[in-house]
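So this block is coords-v3.cif, mmCIF, C-alpha atoms:
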data_final
#
loop_
_atom_site.label_atom_id
_atom_site.label_comp_id
_atom_site.auth_asym_id
_atom_site.auth_seq_id
_atom_site.Cartn_x
_atom_site.Cartn_y
_atom_site.Cartn_z
CA MET A 1 72.19 -98.55 -67.50
CA ARG A 2 70.11 -96.75 -70.15
CA ARG A 3 69.22 -100.04 -71.82
CA TYR A 4 68.38 -101.57 -68.48
CA LYS A 5 66.03 -98.70 -67.67
CA ALA A 6 64.36 -99.04 -71.06
CA MET A 7 63.81 -102.73 -70.40
CA VAL A 8 62.42 -101.99 -66.93
CA GLU A 9 59.85 -99.70 -68.54
CA GLN A 10 58.98 -102.44 -71.00
CA CYS A 11 58.39 -105.22 -68.50
CA ARG A 12 57.50 -103.58 -65.17
CA HIS A 13 53.72 -103.73 -65.68
CA ARG A 14 53.78 -107.33 -66.87
CA ILE A 15 55.76 -108.42 -63.81
CA TYR A 16 53.53 -106.52 -61.45
CA SER A 17 50.33 -107.69 -63.09
CA LEU A 18 51.38 -111.33 -63.11
CA ALA A 19 52.40 -111.11 -59.46
CA TYR A 20 49.24 -109.29 -58.45
CA HIS A 21 46.88 -111.71 -60.17
CA SER A 22 48.85 -114.65 -58.89
CA LEU A 23 49.06 -113.50 -55.28
CA GLY A 24 45.96 -111.33 -55.01
CA SER A 25 47.89 -108.77 -52.99
CA ARG A 26 49.23 -105.41 -54.14
CA GLU A 27 51.81 -105.22 -51.39
CA GLU A 28 53.27 -108.62 -52.21
CA ALA A 29 53.14 -107.84 -55.93
CA GLU A 30 55.22 -104.71 -55.30
CA ASP A 31 57.79 -106.70 -53.35
CA VAL A 32 58.00 -109.34 -56.04
CA THR A 33 58.36 -106.73 -58.80
CA GLN A 34 61.13 -105.00 -56.92
CA GLU A 35 63.03 -108.22 -56.31
CA VAL A 36 62.68 -109.39 -59.89
CA LEU A 37 63.95 -106.09 -61.31
CA VAL A 38 66.91 -106.01 -58.94
CA ARG A 39 67.75 -109.57 -59.96
CA LEU A 40 67.44 -108.51 -63.58
CA TRP A 41 70.13 -105.90 -62.96
CA GLN A 42 72.36 -108.47 -61.27
CA HIS A 43 72.05 -110.81 -64.28
CA TRP A 44 71.95 -108.05 -66.89
CA SER A 45 75.34 -108.82 -68.44
CA GLU A 46 74.44 -112.50 -68.89
CA LEU A 47 71.10 -111.98 -70.67
CA ALA A 48 70.52 -111.36 -74.34
CA GLU A 49 67.90 -108.66 -74.75
CA SER A 50 65.50 -110.98 -76.56
CA HIS A 51 65.60 -113.39 -73.62
CA VAL A 52 64.84 -110.82 -70.97
CA MET A 53 61.03 -110.98 -71.06
CA PRO A 54 60.78 -114.80 -70.81
CA TRP A 55 63.42 -114.72 -68.07
CA VAL A 56 61.53 -112.06 -66.17
CA ILE A 57 58.26 -114.01 -66.37
CA ARG A 58 59.97 -117.18 -65.17
CA VAL A 59 61.60 -115.43 -62.23
CA THR A 60 58.34 -113.68 -61.34
CA ARG A 61 56.47 -116.96 -61.41
CA ASN A 62 59.09 -118.59 -59.17
CA ALA A 63 58.94 -115.68 -56.73
CA CYS A 64 55.15 -116.00 -56.57
CA LEU A 65 55.46 -119.74 -56.06
CA ASP A 66 57.77 -119.16 -53.12
CA LEU A 67 55.23 -116.83 -51.53
CA HIS A 68 52.42 -119.31 -52.16
CA ARG A 69 54.48 -122.02 -50.47
CA LYS A 70 55.02 -119.81 -47.46
CA ARG A 71 51.30 -119.20 -47.27
CA GLN A 72 50.61 -122.91 -47.57
CA THR A 73 52.99 -123.60 -44.75
CA ARG A 74 51.05 -121.15 -42.62
CA GLN A 75 47.73 -122.62 -43.61
CA ALA A 76 48.76 -126.25 -43.87
CA LEU A 77 45.75 -127.52 -41.98
CA LEU A 78 43.30 -125.68 -44.19
CA ASP A 79 44.89 -126.95 -47.36
CA GLN A 80 45.41 -130.51 -46.20
CA HIS A 81 42.13 -131.81 -47.52
CA GLN A 82 42.24 -129.95 -50.78
CA ASP A 83 42.77 -133.12 -52.82
CA GLU A 84 40.10 -135.05 -50.95
CA LYS A 85 37.27 -132.80 -51.93
CA PRO A 86 34.82 -134.39 -54.35
CA GLY A 87 34.17 -132.77 -57.70
CA MET A 88 31.07 -130.71 -58.19
CA SER A 89 27.99 -132.85 -58.54
CA HIS A 90 25.77 -132.24 -61.47
CA SER A 91 22.98 -131.14 -59.22
CA GLU A 92 25.20 -128.42 -57.79
CA LEU A 93 25.80 -127.21 -61.29
CA SER A 94 22.17 -127.34 -62.21
CA PHE A 95 21.80 -123.62 -61.71
CA VAL A 96 23.99 -120.81 -62.92
CA PRO A 97 26.44 -120.34 -60.04
CA GLY A 98 27.01 -116.81 -58.92
CA LEU A 99 23.83 -115.76 -60.69
CA ALA A 100 22.74 -113.68 -57.72
CA MET A 101 26.12 -111.98 -57.43
CA ASP A 102 26.63 -108.56 -58.85
CA GLN A 103 29.58 -108.24 -61.19
CA ALA A 104 31.87 -106.69 -58.57
CA ASP A 105 31.39 -109.64 -56.19
CA PHE A 106 31.67 -112.12 -59.01
CA ARG A 107 34.90 -110.56 -60.16
CA ARG A 108 36.28 -110.61 -56.62
CA GLN A 109 35.48 -114.28 -56.33
CA VAL A 110 37.10 -115.05 -59.68
CA LYS A 111 40.25 -113.31 -58.45
CA ASP A 112 40.17 -115.29 -55.20
CA ALA A 113 39.68 -118.51 -57.10
CA LEU A 114 42.49 -117.63 -59.47
CA SER A 115 45.01 -117.08 -56.72
CA ALA A 116 43.85 -120.30 -55.07
CA ILE A 117 44.47 -122.74 -57.94
CA GLU A 118 47.76 -124.55 -58.22
CA ASP A 119 50.70 -123.64 -60.34
CA PRO A 120 51.49 -123.91 -63.24
CA TYR A 121 47.75 -123.75 -64.00
CA ARG A 122 47.43 -120.37 -62.31
CA THR A 123 50.36 -118.76 -64.09
CA ILE A 124 49.29 -120.08 -67.46
CA VAL A 125 45.69 -118.91 -67.04
CA ILE A 126 46.93 -115.44 -66.05
CA LEU A 127 49.40 -115.19 -68.91
CA ARG A 128 46.85 -116.35 -71.46
CA GLU A 129 43.59 -114.83 -70.26
CA ILE A 130 44.74 -111.60 -68.64
CA GLU A 131 48.15 -110.84 -70.09
CA ASP A 132 46.98 -111.99 -73.52
CA MET A 133 50.19 -113.81 -74.35
CA THR A 134 50.27 -116.38 -77.15
CA TYR A 135 50.79 -120.08 -76.50
CA GLN A 136 54.26 -119.79 -78.01
CA GLN A 137 55.23 -116.90 -75.75
CA ILE A 138 54.02 -118.78 -72.69
CA ALA A 139 55.86 -121.94 -73.74
CA ALA A 140 59.07 -119.94 -74.20
CA ALA A 141 58.70 -118.11 -70.90
CA LEU A 142 57.96 -121.21 -68.86
CA GLU A 143 60.30 -123.44 -70.85
CA MET A 144 57.68 -126.09 -71.50
CA PRO A 145 56.35 -127.74 -74.67
CA LEU A 146 53.52 -126.05 -76.51
CA ASN A 147 51.19 -128.98 -75.97
CA SER A 148 51.80 -128.91 -72.23
CA VAL A 149 50.80 -125.25 -72.19
CA LYS A 150 47.53 -126.11 -73.91
CA VAL A 151 46.79 -128.99 -71.55
CA TYR A 152 47.60 -126.93 -68.44
CA LEU A 153 45.48 -124.08 -69.72
CA HIS A 154 42.54 -126.38 -70.36
CA ARG A 155 42.79 -127.88 -66.88
CA GLY A 156 43.46 -124.51 -65.31
CA ARG A 157 40.24 -123.02 -66.66
CA ARG A 158 38.32 -125.99 -65.36
CA MET A 159 40.04 -125.81 -61.98
CA LEU A 160 39.19 -122.13 -61.78
CA ARG A 161 35.51 -122.88 -62.30
CA GLU A 162 35.59 -125.61 -59.65
CA ARG A 163 37.51 -123.48 -57.20
CA PHE A 164 35.00 -120.69 -57.64
CA LEU A 165 32.20 -123.06 -56.66
CA GLU A 166 34.17 -124.38 -53.70
CA LEU A 167 34.71 -120.85 -52.43
CA GLU A 168 31.03 -120.13 -52.85
CA ASN A 169 30.15 -123.19 -50.81
CA GLN A 170 32.79 -122.52 -48.16
CA VAL A 171 31.47 -119.08 -47.29
CA PRO A 172 27.69 -119.26 -47.20
CA GLY A 173 26.18 -115.93 -48.00
CA GLY A 174 29.57 -114.31 -48.16
CA LEU A 175 32.74 -114.04 -50.15
CA ALA A 176 36.41 -114.33 -49.51
CA HIS A 177 37.55 -110.75 -49.71
CA GLU A 178 40.52 -109.13 -51.25
CA SER A 179 41.04 -105.74 -52.75
CA MET B 1 23.41 -136.73 -57.22
CA SER B 2 27.02 -137.92 -57.33
CA ARG B 3 29.40 -137.57 -60.23
CA LYS B 4 28.82 -141.15 -61.38
CA ASP B 5 25.12 -140.40 -61.77
CA ILE B 6 25.79 -137.69 -64.30
CA PRO B 7 25.11 -138.75 -67.88
CA ASP B 8 28.23 -139.31 -69.99
CA ALA B 9 27.16 -136.66 -72.46
CA CYS B 10 26.99 -134.07 -69.66
CA LEU B 11 30.37 -135.15 -68.29
CA ASN B 12 31.81 -134.76 -71.75
CA VAL B 13 30.47 -131.22 -71.99
CA GLY B 14 31.78 -130.42 -68.51
CA GLU B 15 35.25 -131.51 -69.59
CA LYS B 16 35.26 -129.53 -72.79
CA ILE B 17 33.20 -126.52 -71.93
CA GLU B 18 36.06 -123.98 -71.93
CA SER B 19 37.53 -125.40 -75.11
CA TYR B 20 34.09 -125.16 -76.67
CA LEU B 21 33.81 -121.53 -75.64
CA ASN B 22 37.22 -120.77 -77.09
CA GLY B 23 36.50 -122.58 -80.33
CA GLU B 24 39.39 -124.94 -79.75
CA LEU B 25 37.57 -128.18 -80.59
CA THR B 26 37.23 -129.89 -83.92
CA ALA B 27 34.15 -129.08 -85.98
CA VAL B 28 32.66 -132.47 -85.12
CA GLU B 29 33.14 -131.98 -81.38
CA GLN B 30 31.77 -128.44 -81.53
CA ALA B 31 28.66 -129.73 -83.28
CA GLU B 32 28.18 -132.59 -80.78
CA ILE B 33 28.35 -130.26 -77.83
CA ALA B 34 26.09 -127.70 -79.44
CA ALA B 35 23.51 -130.41 -80.04
CA HIS B 36 23.71 -131.57 -76.43
CA LEU B 37 23.44 -128.04 -75.09
CA ALA B 38 20.29 -127.50 -77.07
CA SER B 39 18.59 -130.30 -75.14
CA CYS B 40 20.19 -129.99 -71.67
CA PRO B 41 19.33 -126.97 -69.49
CA GLU B 42 21.83 -128.00 -66.79
CA CYS B 43 24.72 -127.97 -69.23
CA ARG B 44 23.50 -124.66 -70.58
CA ALA B 45 23.72 -123.32 -67.04
CA ASP B 46 27.28 -124.65 -66.81
CA LEU B 47 28.07 -123.00 -70.11
CA ALA B 48 26.65 -119.66 -68.96
CA PHE B 49 28.74 -119.88 -65.79
CA ALA B 50 31.93 -120.74 -67.68
CA GLN B 51 31.22 -117.92 -70.10
CA ARG B 52 30.84 -115.45 -67.25
CA ILE B 53 34.11 -116.54 -65.69
CA ALA B 54 35.89 -116.23 -69.04
CA ASP B 55 34.42 -112.78 -69.63
CA THR B 56 35.39 -111.69 -66.14
CA LEU B 57 38.93 -112.98 -66.58
CA HIS B 58 39.28 -111.10 -69.85
CA SER B 59 37.94 -107.97 -68.22
CA LEU B 60 40.58 -108.04 -65.50
CA PRO B 61 43.00 -105.26 -66.34
CA GLN B 62 46.71 -105.65 -66.77
CA GLU B 63 47.71 -104.02 -63.52
CA ARG B 64 50.00 -100.98 -63.63
CA CYS B 65 53.16 -101.07 -61.59
CA PRO B 66 53.34 -98.01 -59.31
CA ASP B 67 56.28 -95.64 -59.87
CA ARG B 68 57.39 -95.96 -56.25
CA VAL B 69 58.39 -99.57 -56.94
CA ILE B 70 60.70 -98.52 -59.75
CA GLU B 71 62.14 -95.72 -57.63
CA ARG B 72 63.03 -98.28 -54.96
CA VAL B 73 64.61 -100.51 -57.60
CA TYR B 74 66.82 -97.70 -58.90
CA GLU B 75 67.85 -96.79 -55.38
CA ARG B 76 69.12 -100.34 -55.02
CA VAL B 77 70.81 -100.81 -58.37
CA VAL B 78 72.18 -97.35 -59.20
CA PRO B 79 74.96 -96.05 -56.95
CA PRO B 80 74.43 -92.42 -55.87
CA ARG B 81 76.24 -89.95 -58.12
CA SER B 82 79.38 -88.72 -56.35
CA THR B 83 80.45 -85.09 -56.30
CA PHE B 84 83.87 -83.88 -57.35
CA ARG B 85 84.72 -83.41 -53.69
CA ASP B 86 83.75 -87.05 -52.97
CA ARG B 87 85.85 -88.28 -55.85
CA TRP B 88 88.79 -86.22 -54.64
CA ARG B 89 88.55 -87.90 -51.26
CA VAL B 90 89.06 -91.26 -52.91
CA PRO B 91 92.79 -91.85 -52.52
CA THR B 92 93.14 -93.58 -55.89
CA TRP B 93 92.53 -90.28 -57.68
CA ARG B 94 95.37 -88.46 -55.99
CA PRO B 95 98.19 -90.54 -57.46
CA VAL B 96 96.56 -90.14 -60.86
CA LEU B 97 96.44 -86.38 -60.56
CA ILE B 98 99.93 -86.13 -59.18
CA GLY B 99 101.16 -88.47 -61.86
CA SER B 100 99.53 -86.32 -64.50
CA CYS B 101 101.19 -83.19 -63.16
CA ALA B 102 104.55 -84.89 -62.92
CA ALA B 103 104.31 -86.28 -66.42
CA LEU B 104 103.30 -82.89 -67.75
CA LEU B 105 106.20 -81.31 -65.99
CA LEU B 106 108.63 -83.85 -67.42
CA ALA B 107 107.29 -83.38 -70.90
CA VAL B 108 107.48 -79.61 -70.70
CA THR B 109 110.97 -79.78 -69.23
CA ALA B 110 112.16 -82.11 -71.97
CA LEU B 111 110.71 -79.96 -74.73
CA ILE B 112 111.97 -76.75 -73.25
CA GLY B 113 115.39 -78.35 -72.98
CA GLN B 114 115.16 -79.31 -76.64
CA LYS B 115 114.08 -75.83 -77.62
CA GLU B 116 116.81 -74.22 -75.55
CA MET B 117 119.41 -76.03 -77.63
CA THR B 118 118.65 -73.55 -80.39
CA THR B 119 117.23 -70.71 -78.39
CA PRO B 120 118.44 -71.07 -74.79
CA ARG B 121 116.11 -69.15 -72.50
CA TYR B 122 116.28 -71.10 -69.21
CA ALA B 123 119.16 -71.68 -66.88
CA GLU B 124 120.53 -75.23 -66.68
CA ALA B 125 120.00 -75.22 -62.90
CA ASP B 126 116.28 -74.47 -63.31
CA ILE B 127 115.84 -77.38 -65.70
CA ARG B 128 117.63 -79.74 -63.33
CA ALA B 129 115.44 -78.54 -60.45
CA ALA B 130 112.30 -79.18 -62.49
CA GLU B 131 113.47 -82.68 -63.32
CA ARG B 132 114.19 -83.36 -59.65
CA GLU B 133 110.67 -82.26 -58.73
CA ALA B 134 109.18 -84.45 -61.42
CA ARG B 135 111.16 -87.47 -60.23
CA TRP B 136 110.11 -86.77 -56.67
CA ALA B 137 106.46 -86.66 -57.78
CA LEU B 138 106.79 -89.97 -59.60
CA ALA B 139 108.39 -91.56 -56.54
CA TYR B 140 105.51 -90.24 -54.46
CA ILE B 141 103.03 -91.85 -56.87
CA GLY B 142 104.78 -95.16 -56.39
CA LEU B 143 104.60 -94.78 -52.63
CA LEU B 144 100.89 -93.96 -52.71
CA GLY B 145 100.30 -96.86 -55.06
CA GLU B 146 101.89 -99.21 -52.57
CA ARG B 147 99.77 -97.82 -49.74
CA THR B 148 96.46 -97.89 -51.61
CA GLY B 149 97.13 -101.04 -53.60
CA LYS B 150 96.29 -99.10 -56.79
CA THR B 151 98.56 -98.39 -59.69
CA VAL B 152 98.46 -96.11 -62.68
CA LYS B 153 99.62 -97.85 -65.81
CA SER B 154 102.50 -96.04 -67.45
CA SER B 155 100.83 -96.65 -70.81
CA VAL B 156 97.88 -94.59 -69.59
CA ILE B 157 100.16 -91.71 -68.62
CA ASP B 158 102.00 -91.98 -71.94
CA GLU B 159 98.88 -92.09 -74.10
CA ARG B 160 96.64 -89.73 -72.20
CA ILE B 161 99.07 -87.14 -70.90
CA ILE B 162 102.57 -87.16 -72.29
CA LEU B 163 101.84 -87.71 -75.97
CA PRO B 164 99.08 -85.07 -76.20
CA VAL B 165 101.28 -82.54 -74.42
CA VAL B 166 104.24 -83.36 -76.62
CA ARG B 167 102.13 -82.97 -79.76
CA THR B 168 100.71 -79.67 -78.58
CA LEU B 169 104.10 -78.29 -77.72
CA GLU B 170 105.64 -79.54 -80.92
CA LYS B 171 102.96 -77.78 -82.91
CA SER B 172 103.54 -74.67 -80.87
CA LEU B 173 107.30 -74.80 -81.46
CA ASP B 174 106.83 -75.44 -85.18
CA ARG B 175 104.53 -72.47 -85.38
CA ASP B 176 107.07 -70.32 -83.56
CA ASN B 177 109.81 -71.46 -85.94
CA ALA B 178 107.67 -70.77 -88.97
CA ASP B 179 106.56 -67.39 -87.74
CA PRO B 180 108.94 -64.67 -88.97
CA LYS B 181 107.88 -62.46 -86.10
CA GLY B 182 108.72 -65.32 -83.72
CA GLU B 183 112.13 -65.59 -85.38
CA VAL B 184 112.62 -61.93 -84.91
CA ARG B 185 111.46 -62.21 -81.32
CA ASN B 186 113.67 -65.23 -80.63
CA ALA B 187 116.58 -63.63 -82.38
CA GLY B 188 116.05 -60.54 -80.36
#
Represent the structure contained in this file as structure tokens.
Amino acid sequence: MRRYKAMVEQCRHRIYSLAYHSLGSREEAEDVTQEVLVRLWQHWSELAESHVMPWVIRVTRNACLDLHRKRQTRQALLDQHQDEKPGMSHSELSFVPGLAMDQADFRRQVKDALSAIEDPYRTIVILREIEDMTYQQIAAALEMPLNSVKVYLHRGRRMLRERFLELENQVPGGLAHES
Amino acid sequence: MSRKDIPDACLNVGEKIESYLNGELTAVEQAEIAAHLASCPECRADLAFAQRIADTLHSLPQERCPDRVIERVYERVVPPRSTFRDRWRVPTWRPVLIGSCAALLLAVTALIGQKEMTTPRYAEADIRAAEREARWALAYIGLLGERTGKTVKSSVIDERIILPVVRTLEKSLDRDNADPKGEVRNAG
């Protein structure tokens, strides 16, 4: 139990942070963290200590994916045309988007855009850009080849930029709000 | 303007803008994009936007997990610590305790019997009565074991109770035998 508690201290913030940035909700992030740590205890005897962190990230990502799917089910109509939307035209990009926004609003919109992009792009962007994990650590955690991580990250950053612009266009004069 | 109207050079920059910012392109590609940016204000605007998003992402803190979450986790994974009284209520402990007492009694009886061969101090009837009580206790353990479905391994009783008691008593007897005062006392 002492070793389990030490490991909880080591990975609790990473789990919570990944869940929060993925879901954009503190309440849901708390629930996910709790579930992941309880599952860690249930699987404790099967896991080598060096494998715990990758395992925890994988389980957290899956838990977040489940919640995203539930949301999508609720908002199926809204998301239906997601793939049909055209890419940003060059003219739309001919000014610096978000230029008029103060940093707090801009940051809020980045967070909204982040939780709106698809997985695994979202998870990889969070792990790399916010959690500051290396490509190798991400590849180990998500059990995918290193090159795939790089490709997903590249596309994820681009998707984030596009999603930001879509959100800006969807809500004229306003922003999608989250804490 | 639709996407197909965008010059190829601008599309190329749009594709690689984040990689350019992160210095992940080859030297040749970096130089090509830098040259294009110098002459294209629209792509410079895209670059500024991408840079701001990247900076904002990096500025997002690693969130701290509140303590209440961990408290809830421990409530779920750690069973509440039971008191001695709680443990005593658990029927599986009673046979163990009774077994321990019985085993102790048997061991003491046997050793006293051995000792009495040289220095008889107890009546034969008392020793027999003690043995009867010990046997009764052991039978009771068996009965409780059947009722609760739990058993106490005899090896546990041997190793944890009988042998330590035997060793202690043997040492005590040896000391008595070696002690001239004890000899005097026993003789007396």
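Each of A:Ala139, A:Val149, A:Ile126, A:Ala48 was checked against B:Gln62 using all atoms listed in the file; the smallest atom-to-atom distance is that of A:Ile126.
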Evaluate the PyMOL selection byres ((chain B and resi 52) around 10) and report residues as a PyMOL selection string: (chain A and resi 96-99+103+106-107+110) or (chain B and resi 46-51+53-58)
Go through A:Ile130, A:Ala100, A:Val36, A:Val56 and flag the residue nearest chain B, using all atoms listed in the file for the distances.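 Selected residue with least distance to chain B: A:Ile130.
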Chain B residues near chain A (9 Å cut-off, only C-alpha atoms) as a VMD selection string: chain B and resid 1 to 6 10 to 11 14 to 19 41 to 50 52 to 54 56 to 66 69 to 70 72 to 74 76 to 78
Under the rule that all atoms listed in the file are counted, which of A:Met159, A:Glu27, A:Ala63, A:Glu168 is the nearest residue to A:Asp105?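 Looking only at the distances to A:Asp105, the closest residue turns out to be A:Glu168.
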Run the PyMOL selection byres ((chain B and resi 106) around 10) mentally over the shown coordinates, then write out the matched residues as a VMD selection string, using the chain letters and numbers from the document. chain B and resid 100 to 105 107 to 112 127 130 to 135 162
Just how far from atom CA of A:Glu166 is atom CA of A:Ile57, in Å to one decimal?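 Atom CA of A:Glu166 lies at a distance of 29.1 Å from atom CA of A:Ile57.
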Best match for closeness to A:Met53 among A:Ala141, A:Ser115, A:Gly24, A:Arg122, counting all atoms listed in the file: A:Ala141
To one decimal place in Å, what is the distance between atom CA of A:Asp66 and atom CA of A:Leu142?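 Between these atoms lies a distance of 15.9 Å.
Proximity ranking of A:Ser45, A:Ser25, A:Gln170, A:Thr73 relative to A:Arg3 places A:Ser45 first, based on all atoms listed in the file.
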Distance atom CA of B:Glu71-atom CA of A:Ser50, one decimal place? 24.5 Å
Considering all atoms listed in the file, return as a list of chain:residue names whatever protein or nucleic-acid residues lie within 10 Å of A:Ala140, sequence-local ones (same chain, fewer than 3 positions apart) excluded. A:His51, A:Met53, A:Pro54, A:Trp55, A:Ile57, A:Arg58, A:Thr134, A:Tyr135, A:Gln136, A:Gln137, A:Glu143, A:Met144, A:Pro145, A:Leu146
Just the residues within 9 Å of B:Tyr20, please, counting all atoms listed in the file, with nothing from its chain fewer than 5 positions along; format it as number ranges by chain. B: 13, 25, 29-30, 33-34
